[in-house]
Amino acid sequence: MDARRASVLRIGELSRRLGVSDHVLRAWERRYGLLRPVRSAGGFRLYSAADESRVRRMQAYLARGLSAAEAARAAMDEEPEPRAGVSTETVERRGGLADAAGVLAQTLDDMDEPGAQAVLDRLLADFTVETVLREVVLPYLHELGERWERGEVNVAEEHFASNLLRGRLANLARGWGQGHGPLAVLACPPGELHDLPLLAFGIVLHRNGWRISYVGANTPLEDIARTAADLRPDLVVLAAVTPERFEGLDAHVSRLARIAPLALAGAGATPTMAQANGAGLLTGDPVTSAEQMPPAGQHTQDAR
Ligand code: B12
């Protein structure tokens, strides 16, 4: 089990790990506030690694002969101090983010649509879109692929999660063609269906003042070139997961790069391919790369 999933436990799993019955854990939660679960929208109490540590400390004090009330107080008094230089509020917010990420993963695993939407609502209310995308959604997707590869998640579960998240991203993208900023055309080459990172990139770019014309997955390069010739965008981004998606397309890619400033992105884009075709390369994650683009108002050739 990975660290993030391990940090969010239901009462039964917590009880097994600690060797304390769920009745006793609930009583300690109720009487002493020893446990501080978050609730999934499905109504489950979810416990964190901090809850587990607190119970372990309480057990140690009980073993030394303290009463339950004294042991609980001592366990809570011993809560680790936040690191120097990091405010308590930051620590709490980070904890909230990690907890919510865990709950999101749990709700998606349970195919709990209302639950997952509620966690995303909460995240987007508490944190910036950039933080939610960079620290929760994109890492979740990456990990989902690894679990799928290991056979821990089946295709239906993977599709459920990626479709739900795609719906949310599409919602965040609404209106991204509006404004007076520079224009970016975003596309994936033929055969490429992975457009979630490109959506995330476009959302953040728009928040930095750009207008987005989204062409999306699986698009013939001739048509992207036509769109670029018509719209005269300040930037075209082509994103793909594997280098094969760009294979045999050098002539098209370099033609496109002559029509508009072009950047390649995703694990399928290599420096050699970009250089050979007169294109730039976006090497960061989608959110950071979008944040690093020159904001609206500056010369867009710097984007290369
Ligand atoms: C969701 C998903 C799908 C969905 C896509 C839905 C959609 N609309 O996007 C669907 C179900 C369609 C799908 C299909 C397939 N998928 Co898929 N999929 C994924 C999954 C779980 C998440 C992809 C994602 O959004 N990741 C989030 C991004 C941000 O993370 P990342 O890919 O690691 O990207 C990093 C960088 O490359 C960069 N980046 C990536 N894109 C971009 C874009 C921009 C603009 C920028 C700036 C940066 C950037 O940012 C990241 C961090 O730095 C990945 C797992 C994974 N590791 O990502 C598999 C994964 C990409 N899929 C994989 C496979 C094998 C497939 C299929 C072949 C499965 C099949 N047998 O049918 C098909 C191929 C479809 C096709 N023709 O394209 C493999 C690819 C392996 C490989 N390298 O060849 C992966 C890695 C899963 C795995 N671990 O094996 N998939």
# chains A, B, ... in the order shown; residues from 1 in each chain; ligands from 1
>>> select_by_dssp(residues="range 151-239 of chain A", states="helix (DSSP H, G or I)", output="PyMOL selection string")
chain A and resi 155-173+196-207+221-231
>>> residues_near_ligand(ligand="ligand 1", cutoff="6 Å", atoms="only C-alpha atoms and all ligand atoms", output="tab-separated table (two decimals) with N, CA, C and O atoms, in the first residue's frame")
chain	number	residue	atom	x	y	z
A	138	LEU	N	-3.30	15.70	-10.81
A	138	LEU	CA	-2.31	15.10	-11.71
A	138	LEU	C	-1.53	13.96	-11.03
A	138	LEU	O	-1.38	12.89	-11.64
A	141	LEU	N	-3.74	10.96	-11.08
A	141	LEU	CA	-3.82	10.30	-12.40
A	141	LEU	C	-2.58	9.47	-12.67
A	141	LEU	O	-2.66	8.35	-13.16
A	142	HIS	N	-1.43	10.04	-12.33
A	142	HIS	CA	-0.17	9.32	-12.56
A	142	HIS	C	-0.19	8.00	-11.79
A	142	HIS	O	0.12	6.94	-12.33
A	144	LEU	N	-2.77	6.43	-10.66
A	144	LEU	CA	-3.83	5.55	-11.18
A	144	LEU	C	-3.27	4.66	-12.29
A	144	LEU	O	-3.54	3.46	-12.35
A	145	GLY	N	-2.44	5.28	-13.17
A	145	GLY	CA	-1.83	4.51	-14.27
A	145	GLY	C	-0.91	3.41	-13.74
A	145	GLY	O	-0.88	2.30	-14.27
A	146	GLU	N	-0.18	3.74	-12.67
A	146	GLU	CA	0.73	2.73	-12.11
A	146	GLU	C	-0.06	1.58	-11.49
A	146	GLU	O	0.31	0.42	-11.64
A	149	GLU	N	-1.36	-0.51	-14.26
A	149	GLU	CA	-0.30	-1.34	-14.84
A	149	GLU	C	-0.02	-2.56	-13.95
A	149	GLU	O	0.27	-3.65	-14.44
A	159	HIS	N	-11.47	4.08	-16.07
A	159	HIS	CA	-12.30	4.95	-16.92
A	159	HIS	C	-13.22	5.82	-16.07
A	159	HIS	O	-13.43	6.98	-16.36
A	162	SER	N	-11.06	8.63	-14.60
A	162	SER	CA	-10.56	9.65	-15.54
A	162	SER	C	-11.70	10.41	-16.19
A	162	SER	O	-11.59	11.60	-16.44
A	191	GLY	N	-3.98	9.77	-32.97
A	191	GLY	CA	-3.89	8.55	-32.16
A	191	GLY	C	-3.75	8.81	-30.68
A	191	GLY	O	-3.88	7.90	-29.87
A	192	GLU	N	-3.50	10.06	-30.28
A	192	GLU	CA	-3.26	10.35	-28.86
A	192	GLU	C	-4.56	10.75	-28.17
A	192	GLU	O	-5.16	11.76	-28.52
A	193	LEU	N	-4.95	9.93	-27.20
A	193	LEU	CA	-6.22	10.19	-26.49
A	193	LEU	C	-6.01	10.82	-25.11
A	193	LEU	O	-6.97	11.21	-24.46
A	194	HIS	N	-4.77	10.86	-24.66
A	194	HIS	CA	-4.51	11.40	-23.31
A	194	HIS	C	-4.51	12.92	-23.37
A	194	HIS	O	-3.50	13.53	-23.65
A	195	ASP	N	-5.66	13.52	-23.09
A	195	ASP	CA	-5.70	14.98	-23.17
A	195	ASP	C	-5.89	15.66	-21.81
A	195	ASP	O	-5.99	16.87	-21.73
A	196	LEU	N	-5.96	14.87	-20.73
A	196	LEU	CA	-6.19	15.48	-19.41
A	196	LEU	C	-5.08	16.48	-19.03
A	196	LEU	O	-5.39	17.58	-18.57
A	197	PRO	N	-3.81	16.12	-19.22
A	197	PRO	CA	-2.77	17.10	-18.86
A	197	PRO	C	-2.85	18.37	-19.71
A	197	PRO	O	-2.59	19.47	-19.22
A	198	LEU	N	-3.24	18.21	-20.96
A	198	LEU	CA	-3.36	19.37	-21.84
A	198	LEU	C	-4.49	20.28	-21.37
A	198	LEU	O	-4.38	21.51	-21.39
A	201	PHE	N	-3.20	22.15	-18.41
A	201	PHE	CA	-2.30	23.20	-18.89
A	201	PHE	C	-3.12	24.41	-19.36
A	201	PHE	O	-2.84	25.55	-18.99
A	239	ALA	N	0.76	17.81	-27.47
A	239	ALA	CA	1.16	16.97	-26.34
A	239	ALA	C	0.87	15.50	-26.61
A	239	ALA	O	-0.19	15.16	-27.15
A	241	VAL	N	1.85	11.24	-25.02
A	241	VAL	CA	2.43	10.41	-23.96
A	241	VAL	C	3.61	9.58	-24.46
A	241	VAL	O	4.55	9.32	-23.72
A	242	THR	N	3.56	9.15	-25.72
A	242	THR	CA	4.67	8.33	-26.25
A	242	THR	C	5.25	8.96	-27.51
A	242	THR	O	4.52	9.57	-28.31
A	265	ALA	N	5.05	18.81	-25.86
A	265	ALA	CA	4.95	18.55	-24.42
A	265	ALA	C	4.53	17.11	-24.17
A	265	ALA	O	4.09	16.41	-25.08
A	266	GLY	N	4.68	16.69	-22.91
A	266	GLY	CA	4.31	15.34	-22.51
A	266	GLY	C	5.50	14.41	-22.64
A	266	GLY	O	6.51	14.75	-23.27
A	267	ALA	N	5.37	13.21	-22.05
A	267	ALA	CA	6.49	12.27	-22.02
A	267	ALA	C	6.90	11.84	-23.43
A	267	ALA	O	8.03	11.38	-23.63
A	282	LEU	N	8.21	21.89	-23.65
A	282	LEU	CA	7.75	22.20	-22.29
A	282	LEU	C	8.12	21.02	-21.42
A	282	LEU	O	7.59	19.93	-21.59
A	284	GLY	N	8.28	20.94	-17.88
A	284	GLY	CA	7.69	20.82	-16.53
A	284	GLY	C	6.35	20.11	-16.56
A	284	GLY	O	5.86	19.70	-17.63
A	285	ASP	N	5.75	20.01	-15.38
A	285	ASP	CA	4.39	19.45	-15.34
A	285	ASP	C	3.45	20.50	-15.95
A	285	ASP	O	3.83	21.66	-16.11
A	286	PRO	N	2.23	20.12	-16.29
A	286	PRO	CA	1.35	21.04	-17.00
A	286	PRO	C	1.08	22.35	-16.26
A	286	PRO	O	1.04	23.42	-16.88
A	289	SER	N	4.43	24.45	-16.08
A	289	SER	CA	4.75	24.95	-17.43
A	289	SER	C	3.85	26.11	-17.80
A	289	SER	O	4.31	27.11	-18.36
>>> atom_distance(atom1="CA of Gln59 in chain A", atom2="CA of Ala75 in chain A")
8.8 Å
>>> residues_around(residues="Glu244 in chain A", least_positions_apart="6", cutoff="12 Å", atoms="only C-alpha atoms", output="PyMOL selection string")
chain A and resi 189-192+250+267-270+273
>>> write_last_selection(atoms="N, CA and C atoms", output="short mmCIF file (atom, residue, chain, number, x, y, z; two decimals), in the first residue's frame")
data_model
loop_
_atom_site.label_atom_id
_atom_site.label_comp_id
_atom_site.auth_asym_id
_atom_site.auth_seq_id
_atom_site.Cartn_x
_atom_site.Cartn_y
_atom_site.Cartn_z
N PRO A 189 -1.49 14.95 -31.08
CA PRO A 189 -1.32 14.43 -32.44
C PRO A 189 -2.22 13.20 -32.70
N PRO A 190 -2.27 12.73 -33.94
CA PRO A 190 -3.14 11.60 -34.28
C PRO A 190 -2.90 10.40 -33.36
N GLY A 191 -3.98 9.77 -32.97
CA GLY A 191 -3.89 8.55 -32.16
C GLY A 191 -3.75 8.81 -30.68
N GLU A 192 -3.50 10.06 -30.28
CA GLU A 192 -3.26 10.35 -28.86
C GLU A 192 -4.56 10.75 -28.17
N ASP A 250 7.62 14.44 -38.84
CA ASP A 250 8.60 15.55 -38.80
C ASP A 250 8.24 16.69 -39.77
N ALA A 267 5.37 13.21 -22.05
CA ALA A 267 6.49 12.27 -22.02
C ALA A 267 6.90 11.84 -23.43
N GLY A 268 6.03 12.01 -24.41
CA GLY A 268 6.36 11.61 -25.79
C GLY A 268 7.19 12.64 -26.54
N ALA A 269 7.36 13.82 -25.98
CA ALA A 269 8.10 14.88 -26.68
C ALA A 269 9.56 14.86 -26.25
N THR A 270 10.47 14.72 -27.20
CA THR A 270 11.90 14.67 -26.85
C THR A 270 12.59 15.96 -27.29
N MET A 273 13.61 15.80 -31.01
CA MET A 273 12.48 15.99 -31.93
C MET A 273 12.10 17.47 -31.99
#
>>> residues_around(residues="range 165-170 of chain A", least_positions_apart="6", cutoff="9 Å", atoms="only C-alpha atoms", output="list in words")
Gln117, Leu120, Val137, Asp195, Leu196, Leu199, Ala200 and Ile203 of chain A
